[in-house]
Each structure stands twice: as C-alpha cells, then as structure tokens.
file query.cif (mmCIF, C-alpha atoms)
data_final
#
loop_
_atom_site.label_atom_id
_atom_site.label_comp_id
_atom_site.auth_asym_id
_atom_site.auth_seq_id
_atom_site.Cartn_x
_atom_site.Cartn_y
_atom_site.Cartn_z
CA MET S 174 7.11 102.82 97.43
CA ARG S 175 8.53 99.33 97.60
CA VAL S 176 8.76 97.24 94.44
CA ALA S 177 9.67 93.54 94.20
CA VAL S 178 10.95 92.04 90.96
CA PRO S 179 10.90 88.23 90.98
CA VAL S 180 13.82 86.79 89.03
CA PHE S 181 13.48 83.39 87.33
CA PRO S 182 16.18 81.39 85.60
CA GLY S 183 16.08 82.90 82.12
CA SER S 184 14.58 86.29 83.09
CA ASN S 185 16.41 88.97 81.13
CA CYS S 186 14.35 92.11 81.62
CA ASP S 187 14.65 92.06 85.39
CA HIS S 188 17.42 94.66 85.18
CA ASP S 189 15.30 96.87 82.93
CA ALA S 190 12.56 96.76 85.58
CA LEU S 191 15.06 97.40 88.40
CA HIS S 192 16.54 100.34 86.45
CA ALA S 193 13.15 101.84 85.65
CA CYS S 194 11.80 101.55 89.20
CA GLY S 195 15.03 101.99 91.15
CA THR S 196 17.20 104.40 89.17
CA VAL S 197 14.65 106.35 87.13
CA MET S 198 11.71 106.48 89.56
CA GLY S 199 13.79 106.31 92.72
CA TRP S 200 11.66 103.62 94.33
CA ASP S 201 12.93 101.05 96.80
CA THR S 202 13.27 98.17 94.35
CA ILE S 203 14.29 94.66 95.36
CA PRO S 204 15.08 91.68 93.13
CA VAL S 205 13.62 88.47 94.57
CA TRP S 206 14.92 85.03 93.57
CA HIS S 207 12.09 82.75 92.43
CA GLN S 208 12.88 80.16 95.13
CA GLU S 209 11.93 82.63 97.86
CA THR S 210 8.56 81.93 99.41
CA ARG S 211 7.82 85.47 100.63
CA LEU S 212 7.91 88.87 98.98
CA PRO S 213 9.79 91.53 100.97
CA GLU S 214 7.75 93.10 103.82
CA ASN S 215 5.50 95.94 102.68
CA THR S 216 5.86 95.22 98.97
CA GLU S 217 3.36 97.42 97.16
CA LEU S 218 4.09 96.58 93.54
CA VAL S 219 5.36 93.35 92.01
CA ILE S 220 6.80 93.49 88.50
CA ILE S 221 7.06 90.12 86.78
CA PRO S 222 9.81 90.78 84.26
CA GLY S 223 10.28 89.69 80.67
CA GLY S 224 12.68 87.09 79.37
CA PHE S 225 12.63 83.39 78.69
CA SER S 226 11.95 81.88 82.10
CA TYR S 227 12.92 78.20 82.12
CA GLY S 228 13.84 78.45 78.46
CA ASP S 229 10.14 78.70 77.53
CA TYR S 230 9.95 74.93 78.14
CA LEU S 231 6.53 73.30 77.80
CA ARG S 232 4.77 76.67 77.25
CA CYS S 233 6.04 80.21 77.82
CA GLY S 234 5.66 81.00 81.51
CA ALA S 235 4.18 77.59 82.44
CA ILE S 236 7.04 76.47 84.67
CA ALA S 237 7.71 79.88 86.22
CA ALA S 238 4.05 80.05 87.22
CA LEU S 239 4.77 77.11 89.56
CA SER S 240 7.76 78.77 91.24
CA PRO S 241 7.58 79.13 95.04
CA ILE S 242 7.50 82.96 94.89
CA MET S 243 4.40 82.89 92.67
CA ALA S 244 2.27 81.58 95.52
CA ASP S 245 3.10 84.75 97.45
CA VAL S 246 2.54 86.90 94.35
CA LYS S 247 -0.96 85.36 94.16
CA ARG S 248 -1.54 86.13 97.82
CA HIS S 249 -0.35 89.72 97.24
CA ALA S 250 -2.74 90.05 94.27
CA ASP S 251 -5.65 88.52 96.21
CA ASN S 252 -5.08 91.12 98.91
CA GLY S 253 -5.38 93.89 96.32
CA GLY S 254 -1.63 94.42 95.86
CA LEU S 255 -0.46 95.63 92.45
CA VAL S 256 1.12 93.26 89.95
CA LEU S 257 2.48 94.27 86.55
CA GLY S 258 3.59 91.53 84.16
CA VAL S 259 5.59 92.51 81.11
CA CYS S 260 6.15 90.24 78.11
CA ASN S 261 7.17 86.86 79.59
CA GLY S 262 5.74 88.29 82.83
CA PHE S 263 2.34 88.60 81.09
CA GLN S 264 2.65 84.98 79.92
CA ILE S 265 3.48 83.90 83.48
CA LEU S 266 0.43 85.76 84.88
CA CYS S 267 -1.81 84.00 82.35
CA GLU S 268 -0.30 80.61 83.17
CA ALA S 269 -0.72 81.37 86.89
CA GLN S 270 -4.37 82.20 86.15
CA LEU S 271 -4.06 85.66 87.58
CA LEU S 272 -5.18 86.86 84.15
CA PRO S 273 -7.39 85.16 81.54
CA GLY S 274 -6.23 84.01 78.12
CA ALA S 275 -3.01 82.77 76.63
CA LEU S 276 -0.24 84.04 74.38
CA LEU S 277 0.28 82.05 71.20
CA ARG S 278 3.10 82.10 68.69
CA ASN S 279 3.06 85.30 66.59
CA GLU S 280 1.00 84.96 63.45
CA SER S 281 4.15 85.51 61.37
CA LEU S 282 6.01 82.80 63.34
CA ARG S 283 8.80 85.33 63.79
CA PHE S 284 10.33 86.98 66.80
CA ILE S 285 9.41 90.65 66.43
CA HIS S 286 11.45 93.50 67.83
CA ALA S 287 9.90 96.86 66.99
CA ASP S 288 8.44 100.03 68.42
CA VAL S 289 4.66 99.96 68.51
CA HIS S 290 1.93 102.43 69.42
CA LEU S 291 -0.58 101.61 72.11
CA ARG S 292 -3.94 103.22 72.77
CA VAL S 293 -5.06 103.56 76.35
CA GLU S 294 -8.45 101.88 76.75
CA ARG S 295 -8.64 102.12 80.56
CA ALA S 296 -7.36 105.27 82.23
CA ASP S 297 -8.84 104.52 85.65
CA LEU S 298 -6.31 101.90 86.70
CA PRO S 299 -3.40 102.42 89.11
CA PHE S 300 -1.21 101.69 86.07
CA THR S 301 -2.84 104.25 83.79
CA ARG S 302 -4.34 106.99 85.98
CA ALA S 303 -1.85 109.64 84.78
CA MET S 304 -3.00 109.04 81.21
CA LYS S 305 -6.33 109.62 79.44
CA ALA S 306 -8.47 107.11 77.58
CA GLY S 307 -7.54 107.35 73.91
CA ASP S 308 -3.99 108.55 74.63
CA VAL S 309 -1.37 106.98 72.39
CA PHE S 310 2.11 106.06 73.58
CA ARG S 311 5.07 104.41 71.94
CA VAL S 312 6.95 101.48 73.48
CA PRO S 313 9.00 98.56 72.17
CA ILE S 314 7.90 94.97 71.77
CA ALA S 315 10.31 92.02 71.63
CA HIS S 316 8.56 88.67 71.55
CA ALA S 317 7.79 85.55 69.55
CA GLU S 318 4.68 84.59 71.52
CA GLY S 319 2.52 87.67 71.91
CA ASN S 320 -0.51 86.60 69.96
CA PHE S 321 -3.14 87.01 72.68
CA THR S 322 -6.05 84.62 72.45
CA LEU S 323 -9.15 83.74 74.39
CA GLN S 324 -12.21 81.59 73.71
CA PRO S 325 -14.95 83.68 72.02
CA GLU S 326 -17.30 83.74 75.07
CA GLU S 327 -14.50 84.75 77.42
CA LEU S 328 -13.29 87.35 74.95
CA ALA S 329 -16.78 88.83 74.86
CA ASP S 330 -16.78 88.91 78.69
CA LEU S 331 -13.33 90.54 78.80
CA GLU S 332 -14.41 93.25 76.36
CA ALA S 333 -17.76 93.76 78.09
CA ARG S 334 -16.16 94.29 81.49
CA GLY S 335 -13.51 96.65 80.06
CA GLY S 336 -10.68 94.23 80.74
CA VAL S 337 -8.63 95.50 77.82
CA ALA S 338 -6.15 98.10 79.06
CA PHE S 339 -4.16 98.71 75.86
CA ARG S 340 -4.65 98.01 72.16
CA TYR S 341 -2.12 98.20 69.34
CA CYS S 342 -2.85 101.18 67.12
CA SER S 343 -1.38 103.55 64.54
CA ALA S 344 0.59 106.64 65.57
CA ALA S 345 -2.68 108.54 65.23
CA GLY S 346 -4.50 106.08 67.46
CA GLU S 347 -6.43 104.18 64.78
CA ILE S 348 -7.29 100.61 65.58
CA GLY S 349 -7.19 97.89 62.95
CA GLU S 350 -5.53 94.68 61.89
CA ALA S 351 -2.84 96.56 59.99
CA HIS S 352 -1.51 97.88 63.31
CA VAL S 353 -1.44 94.56 65.17
CA PRO S 354 2.11 93.18 64.98
CA ASN S 355 1.48 89.64 66.22
CA GLY S 356 -2.08 88.62 65.36
CA ALA S 357 -3.47 89.28 68.86
CA VAL S 358 -7.26 89.02 68.90
CA ASN S 359 -8.99 92.45 68.81
CA GLY S 360 -5.52 94.02 68.77
CA ILE S 361 -5.15 93.38 72.48
CA ALA S 362 -1.75 94.40 73.88
CA GLY S 363 -2.54 94.45 77.59
CA ILE S 364 -5.33 93.33 79.90
CA THR S 365 -6.33 93.71 83.51
CA ASN S 366 -8.18 91.49 85.98
CA LEU S 367 -11.61 92.19 87.43
CA LYS S 368 -10.29 94.22 90.36
CA GLY S 369 -7.89 96.21 88.16
CA ASN S 370 -4.87 95.50 90.37
CA VAL S 371 -3.17 93.01 88.03
CA LEU S 372 -2.05 94.12 84.57
CA GLY S 373 -0.28 92.10 81.90
CA MET S 374 1.11 93.52 78.66
CA MET S 375 3.38 92.29 75.90
CA PRO S 376 5.11 95.66 75.17
CA HIS S 377 7.93 96.87 77.40
CA PRO S 378 7.17 100.19 79.15
CA GLU S 379 10.19 99.66 81.44
CA ARG S 380 12.49 99.86 78.41
CA ALA S 381 11.26 103.33 77.50
CA VAL S 382 11.64 105.48 80.60
CA ASP S 383 15.19 106.83 80.65
CA PRO S 384 15.94 109.80 78.33
CA LYS S 385 19.61 108.82 78.41
CA LEU S 386 18.70 105.56 76.69
CA GLY S 387 16.13 106.79 74.18
CA PRO S 388 12.43 107.57 73.96
CA THR S 389 10.38 107.63 77.14
CA GLY S 390 6.95 106.49 75.97
CA GLY S 391 6.66 104.07 78.88
CA LEU S 392 6.82 106.77 81.55
CA GLY S 393 3.06 107.24 81.64
CA ILE S 394 2.66 103.89 83.36
CA PHE S 395 5.33 104.61 85.98
CA ARG S 396 3.97 108.13 86.62
CA SER S 397 0.55 106.57 87.06
CA LEU S 398 1.93 104.14 89.64
CA ALA S 399 3.67 107.02 91.43
CA GLU S 400 0.34 108.88 91.58
CA ALA S 401 -1.47 105.79 92.78
CA PHE S 402 1.02 105.42 95.62
CA ALA S 403 1.06 109.08 96.53
CA ARG S 404 -2.68 108.79 97.02
CA ALA S 405 -2.54 105.57 99.03
CA MET B 126 3.02 51.96 82.98
CA LYS B 127 4.04 53.88 79.88
CA VAL B 128 1.76 56.85 79.30
CA ARG B 129 1.59 58.95 76.19
CA VAL B 130 -0.10 62.35 76.37
CA SER B 131 -0.77 64.04 73.08
CA VAL B 132 -1.38 67.79 73.38
CA GLN B 133 -3.06 69.56 70.49
CA LEU B 134 -4.20 73.10 69.90
CA LYS B 135 -7.97 73.31 70.16
CA PRO B 136 -9.90 73.55 66.92
CA GLY B 137 -10.33 77.19 66.02
CA ILE B 138 -7.01 78.23 67.56
CA LEU B 139 -4.79 79.51 64.79
CA ASP B 140 -1.71 77.33 64.31
CA PRO B 141 0.78 79.35 62.28
CA GLN B 142 3.38 76.61 62.65
CA GLY B 143 1.01 74.04 61.16
CA LYS B 144 0.22 76.47 58.36
CA ALA B 145 3.89 76.98 57.57
CA VAL B 146 4.50 73.24 57.47
CA GLU B 147 1.42 72.79 55.28
CA GLN B 148 2.78 75.34 52.81
CA GLY B 149 6.13 73.53 52.86
CA LEU B 150 4.40 70.25 52.04
CA HIS B 151 2.46 71.94 49.24
CA GLY B 152 5.83 73.11 47.93
CA PHE B 153 6.82 69.46 47.51
CA GLY B 154 3.58 68.75 45.70
CA PHE B 155 1.84 66.91 48.55
CA GLU B 156 -1.88 67.40 48.74
CA VAL B 157 -2.56 67.99 52.43
CA ASP B 158 -4.95 70.09 54.40
CA HIS B 159 -5.48 71.14 58.03
CA VAL B 160 -1.92 70.41 59.21
CA ARG B 161 -1.77 70.94 62.99
CA ILE B 162 1.34 70.75 65.15
CA GLY B 163 1.11 69.35 68.65
CA ARG B 164 3.27 68.01 71.43
CA LEU B 165 3.83 64.43 72.52
CA ILE B 166 4.76 63.71 76.14
CA GLU B 167 5.82 60.21 77.15
CA MET B 168 6.41 59.05 80.70
CA ASP B 169 6.50 56.11 83.05
CA VAL B 170 3.82 56.27 85.71
CA PRO B 171 3.99 53.84 88.63
CA GLY B 172 0.94 51.60 89.09
CA THR B 173 -0.75 48.66 87.42
CA ASP B 174 -4.37 49.77 87.42
CA LEU B 175 -5.24 51.27 84.06
CA ALA B 176 -7.99 53.55 85.35
CA ASP B 177 -5.81 54.79 88.20
CA VAL B 178 -2.84 55.56 85.93
CA LYS B 179 -5.13 57.30 83.49
CA ALA B 180 -6.61 59.39 86.30
CA LYS B 181 -3.10 60.40 87.41
CA ALA B 182 -2.21 61.42 83.85
CA GLN B 183 -5.43 63.42 83.64
CA ALA B 184 -4.51 65.23 86.86
CA MET B 185 -1.08 66.04 85.38
CA CYS B 186 -2.79 67.50 82.31
CA ASP B 187 -5.07 69.64 84.47
CA LYS B 188 -2.22 70.89 86.67
CA LEU B 189 0.54 71.51 84.16
CA LEU B 190 0.71 69.70 80.84
CA VAL B 191 -2.21 71.43 79.14
CA ASN B 192 -3.31 75.03 78.99
CA PRO B 193 -7.10 74.68 78.62
CA VAL B 194 -7.38 78.12 77.01
CA MET B 195 -5.73 76.89 73.85
CA GLU B 196 -5.00 73.16 74.13
CA LYS B 197 -6.68 69.79 74.57
CA ALA B 198 -5.07 66.45 75.34
CA SER B 199 -5.64 62.79 74.70
CA ILE B 200 -4.16 60.20 77.05
CA GLU B 201 -3.00 56.78 75.97
CA VAL B 202 -1.77 54.11 78.40
CA LEU B 203 0.51 51.70 76.54
#
call {"tool": "encode", "arguments": {"input": "query.cif", "output": "structure tokens"}}
result
Amino acid sequence: MRVAVPVFPGSNCDHDALHACGTVMGWDTIPVWHQETRLPENTELVIIPGGFSYGDYLRCGAIAALSPIMADVKRHADNGGLVLGVCNGFQILCEAQLLPGALLRNESLRFIHADVHLRVERADLPFTRAMKAGDVFRVPIAHAEGNFTLQPEELADLEARGGVAFRYCSAAGEIGEAHVPNGAVNGIAGITNLKGNVLGMMPHPERAVDPKLGPTGGLGIFRSLAEAFARA
Amino acid sequence: MKVRVSVQLKPGILDPQGKAVEQGLHGFGFEVDHVRIGRLIEMDVPGTDLADVKAKAQAMCDKLLVNPVMEKASIEVL
C-alpha cells in the first residue's frame, strides 16, 4: 500500500502521519512537498496532515488548498482514490471543496487539546470498515477552529445522505451538546463525500496508534484502510 | 484603483469572537448589541473602469477571499 503525505509550510502532523503509516502500519509512505505537481506513481491513499499550513492566513487551509499538489489530490479523489484529511487537513479539504462545510473558531474561542470519544456513524467506508456502527473510540483533538458548520439545507442533505462519519460522544457513546468540545453542529467530528472515498475529521487518529506512545484508539481507522487495501 | 473588500460572517453563523468583544464592551458599560467581527482587505487593482475593477474584485472574492459557506463580502472601489 502506497501512501502520500503532502507537506505544506506550517504542517506539523506530517511526521505523525508518516510514523503511523510507515512505522506502525509498515506501508510505503512518502512525504510530498506541496510544490510538487504529481503524487507518487500508484499512490493509493493521500493523508492531508494537520498543522497550521501558511500560518492559517486568510482562513485555515485556504492557501494550502491552492497549492500545486492539491490539483493532483483532486484528480486522485475524482478517480476514486482515498483521501484522509486530519485537523488542518480537514480544513484544507473543505477549502478545496472536496468536502462540504467549513470549520469555524471553537465556540469557546480557545485552542482545545484533549482526548475525546467518537461514535462511528458509518462503518461501510474504507476508513471505517474494521469498525461497527455505534462503536466508540478515543482519540485526541488539538485545534482552535474545529467548529464544523454548514448552511441548514446542506446540513440536512449531509445528514440525509449519511455523510457524517463520526460524532463526538460520551465514553458510553451518548450523543449530546455536553460532549461536543468545539460547538460543531450536530456534534459532527468527521464527514465523508458522496462517494465515500474522501474523509475529513478534526480529531487525530494518527496520534493514537503506537502503544509505545500511549493509547491506540486511532488504530481502527488504519486497520480499516489495511482491510480495504487487502481487498482491492 | 484602490479596492476595499469587507468580509463578514453570514447572518446566522455564530461569531464567538464578536460575542467576546460584545461582553468586553458591556464590561465597560457600553450598550451594544450584535457585535460581529469581520476582515477588511485593501488592494490596488490596475484599471480605470469602475465596473471592470469591481468585476475583478468579485472574481477574487469567488476564487479566494471569501468562503461562501460562512462569509459574504461587500466591495467598495475608492
């Protein structure tokens, strides 16, 4: 399995993604500078990493979305290739219009660094197929702009088509405002596109995969991807 | 021509920053309501035709300056 991790000026979770995919999962994982115009040959998965690309200037992810490599990421996604955007990567995918919606400043106005619980809403995706709908897993968040928003009609569409992949929840899997750390509408933590090959999420599964470093709540997503590729 | 683009959050989009500033103003005893924080972008755009410069600024808004999910813009040619 070949993974490409685009690196923007200001990315800082690129090494987490490289460690998770390369060291922990043992995949052929290649960092790709944002000025490149082509992803490596036979790239199967692109991970858009977290960080503060371009210093969050203008809007989080807005400038990175215009980077040369993003045109090829769009082509990859249009051809059905897998794309996972984490944190700033999710913001970039929204700005690149690969995913609907936008990420606003957290309701509290604060940067939040905490472990959160997520409930799996879609277990049929290449990113979630090793999990079950309703499963709860624990992963960290670290963001100031994770307050997902969408116009009411589009939100209704997103919910109706099952575009929500993960919602913030309690340890027991209960949904409710009390468990939403950032004010995200409907407690949305991660969404997918129509085809289900592009997924964006604010929490960091790639930071929770190595038992040497701590809890491994994010492994479900990487095991799912491994299964998806074993099948392909 | 000097162009000023004012970018505002759409009505209905929560503006926690505006809320915080509003509370700060209340703290000083000012009676204010509906404080919203936006962004002001100024630039020089070549050209002398008002409509043409305005159209260019609109294209810039559509391409980059504004995220239509959450923002709206007003364009002023000075």
call {"tool": "closest_residue", "arguments": {"input": "query.cif", "among": "B:Gly163, B:Asp158, B:Met126, B:Ser131", "to": "Ile200 of chain B", "atoms": "only C-alpha atoms"}}
result
B:Ser131
call {"tool": "atom_distance", "arguments": {"input": "query.cif", "atom1": "atom CA of Thr301 of chain S", "atom2": "atom CA of Ile394 of chain S"}}
result
5.5 Å
call {"tool": "interface_residues", "arguments": {"input": "query.cif", "of": "chain S", "to": "chain B", "cutoff": "12 Å", "atoms": "all atoms listed in the file", "output": "number ranges by chain"}}
result
S: 230-239, 264, 267-270, 272-283, 317-318, 320-328, 355-358
call {"tool": "resolve_selection", "arguments": {"input": "query.cif", "expression": "the PyMOL selection byres ((chain S and resi 194) around 10)", "output": "list of chain:residue names"}}
result
S:Met174, S:Arg175, S:Val176, S:Ala177, S:Val178, S:His188, S:Asp189, S:Ala190, S:Leu191, S:His192, S:Ala193, S:Gly195, S:Thr196, S:Val197, S:Met198, S:Gly199, S:Trp200, S:Asp201, S:Thr202, S:Ile203, S:Ile220, S:Glu379, S:Val382, S:Phe395
call {"tool": "residues_around", "arguments": {"input": "query.cif", "residues": "Glu294 of chain S", "least_positions_apart": "2", "cutoff": "9 Å", "atoms": "only C-alpha atoms", "output": "list in words"}}
result
Arg292, Ala296, Lys305, Ala306, Gly307, Asp308, Gly335, Gly336, Val337, Ala338, Phe339 and Arg340 of chain S
call {"tool": "atom_distance", "arguments": {"input": "query.cif", "atom1": "atom CA of Lys385 of chain S", "atom2": "atom CA of Arg311 of chain S"}}
result
16.5 Å
call {"tool": "atom_distance", "arguments": {"input": "query.cif", "atom1": "atom CA of Asn370 of chain S", "atom2": "atom CA of Arg295 of chain S"}}
result
12.4 Å
call {"tool": "closest_residue", "arguments": {"input": "query.cif", "among": "S:Leu372, S:Ile314, S:Leu367, S:Val309", "to": "Cys342 of chain S", "atoms": "only C-alpha atoms"}}
result
S:Val309
call {"tool": "axis_aligned_box", "arguments": {"input": "query.cif", "around": "segment 186-195 of chain B", "padding_each_side": "4 Å", "output": "AutoDock Vina command-line options"}}
result
--center_x -3.3 --center_y 72.8 --center_z 80.3 --size_x 16.1 --size_y 18.6 --size_z 20.8
call {"tool": "closest_residue", "arguments": {"input": "query.cif", "among": "S:Lys247, S:Arg380, S:His352, S:Arg396", "to": "Gly223 of chain S", "atoms": "all atoms listed in the file"}}
result
S:Arg380
call {"tool": "closest_residue", "arguments": {"input": "query.cif", "among": "S:Ile265, S:Ala401, S:Leu255, S:Val180", "to": "Glu217 of chain S", "atoms": "only C-alpha atoms"}}
result
S:Leu255
call {"tool": "residues_around", "arguments": {"input": "query.cif", "residues": "Thr389 of chain S", "least_positions_apart": "3", "cutoff": "9 Å", "atoms": "only C-alpha atoms", "output": "PyMOL selection string"}}
result
chain S and resi 311-312+378+380-384+386+392-393
call {"tool": "resolve_selection", "arguments": {"input": "query.cif", "expression": "the PyMOL selection byres ((chain B and resi 168) around 8)", "output": "list of chain:residue names"}}
result
B:Lys127, B:Val128, B:Arg129, B:Ile166, B:Glu167, B:Asp169, B:Val170
call {"tool": "write_last_selection", "arguments": {"input": "query.cif", "atoms": "C-alpha atoms", "output": "PDB file, keeping the file's coordinate frame"}}
result
ATOM      1  CA  LYS B 127       4.040  53.880  79.880  1.00  0.00           C
ATOM      2  CA  VAL B 128       1.760  56.850  79.300  1.00  0.00           C
ATOM      3  CA  ARG B 129       1.590  58.950  76.190  1.00  0.00           C
ATOM      4  CA  ILE B 166       4.760  63.710  76.140  1.00  0.00           C
ATOM      5  CA  GLU B 167       5.820  60.210  77.150  1.00  0.00           C
ATOM      6  CA  ASP B 169       6.500  56.110  83.050  1.00  0.00           C
ATOM      7  CA  VAL B 170       3.820  56.270  85.710  1.00  0.00           C
TER       8      VAL B 170
END
call {"tool": "residues_around", "arguments": {"input": "query.cif", "residues": "Pro179 of chain S", "least_positions_apart": "6", "cutoff": "8 Å", "atoms": "only C-alpha atoms", "output": "list in words"}}
result
Asp187, Pro204, Val205, Trp206, His207, Val219, Ile220, Ile221, Pro222 and Ile242 of chain S
call {"tool": "decode", "arguments": {"input": "query.cif", "residues": "segment 135-201 of chain B", "atoms": "C-alpha atoms", "output": "compact mmCIF listing (two decimals), in the first residue's frame"}}
result
# COMPACT_ATOMS: atom_id res chain seq x y z
CA LYS B 135 -23.06 35.47 7.21
CA PRO B 136 -26.02 36.21 9.45
CA GLY B 137 -26.82 33.13 11.46
CA ILE B 138 -23.20 31.99 11.65
CA LEU B 139 -22.12 32.07 15.26
CA ASP B 140 -19.36 34.62 15.86
CA PRO B 141 -17.78 33.77 19.22
CA GLN B 142 -15.16 36.47 18.72
CA GLY B 143 -17.85 39.12 18.23
CA LYS B 144 -19.63 37.80 21.32
CA ALA B 145 -16.49 38.04 23.42
CA VAL B 146 -15.86 41.61 22.28
CA GLU B 147 -19.51 42.46 22.96
CA GLN B 148 -19.16 41.16 26.52
CA GLY B 149 -15.97 43.21 26.90
CA LEU B 150 -17.81 46.34 25.78
CA HIS B 151 -20.64 45.57 28.19
CA GLY B 152 -17.98 45.35 30.90
CA PHE B 153 -17.12 48.99 30.19
CA GLY B 154 -20.78 49.94 30.40
CA PHE B 155 -21.36 50.39 26.66
CA GLU B 156 -24.79 49.44 25.44
CA VAL B 157 -24.13 47.48 22.26
CA ASP B 158 -25.72 44.54 20.56
CA HIS B 159 -24.96 42.19 17.66
CA VAL B 160 -21.20 42.84 17.55
CA ARG B 161 -19.73 40.99 14.55
CA ILE B 162 -16.06 40.74 13.65
CA GLY B 163 -15.02 40.73 10.02
CA ARG B 164 -11.99 41.20 7.84
CA LEU B 165 -11.00 44.18 5.72
CA ILE B 166 -8.84 43.63 2.63
CA GLU B 167 -7.42 46.62 0.77
CA MET B 168 -5.58 46.46 -2.53
CA ASP B 169 -4.61 48.34 -5.65
CA VAL B 170 -6.18 46.90 -8.77
CA PRO B 171 -4.94 48.11 -12.16
CA GLY B 172 -7.58 49.65 -14.43
CA THR B 173 -9.69 52.79 -14.67
CA ASP B 174 -13.10 51.34 -15.46
CA LEU B 175 -15.13 51.08 -12.29
CA ALA B 176 -17.30 48.18 -13.44
CA ASP B 177 -14.28 46.26 -14.70
CA VAL B 178 -12.32 46.71 -11.46
CA LYS B 179 -15.36 45.73 -9.45
CA ALA B 180 -15.80 42.60 -11.57
CA LYS B 181 -12.15 41.67 -10.97
CA ALA B 182 -12.59 42.13 -7.22
CA GLN B 183 -15.73 39.98 -7.34
CA ALA B 184 -13.77 37.25 -9.12
CA MET B 185 -11.10 37.43 -6.39
CA CYS B 186 -13.81 37.01 -3.76
CA ASP B 187 -15.23 33.98 -5.57
CA LYS B 188 -11.82 32.35 -6.03
CA LEU B 189 -10.14 33.01 -2.71
CA LEU B 190 -11.10 35.91 -0.48
CA VAL B 191 -14.48 34.60 0.67
CA ASN B 192 -15.64 31.20 1.81
CA PRO B 193 -19.30 31.22 0.73
CA VAL B 194 -20.21 28.60 3.33
CA MET B 195 -19.75 31.08 6.14
CA GLU B 196 -18.88 34.50 4.71
CA LYS B 197 -20.23 37.26 2.49
CA ALA B 198 -18.38 40.26 1.09
CA SER B 199 -19.05 43.80 0.05
CA ILE B 200 -16.79 45.51 -2.47
CA GLU B 201 -16.01 49.20 -2.46
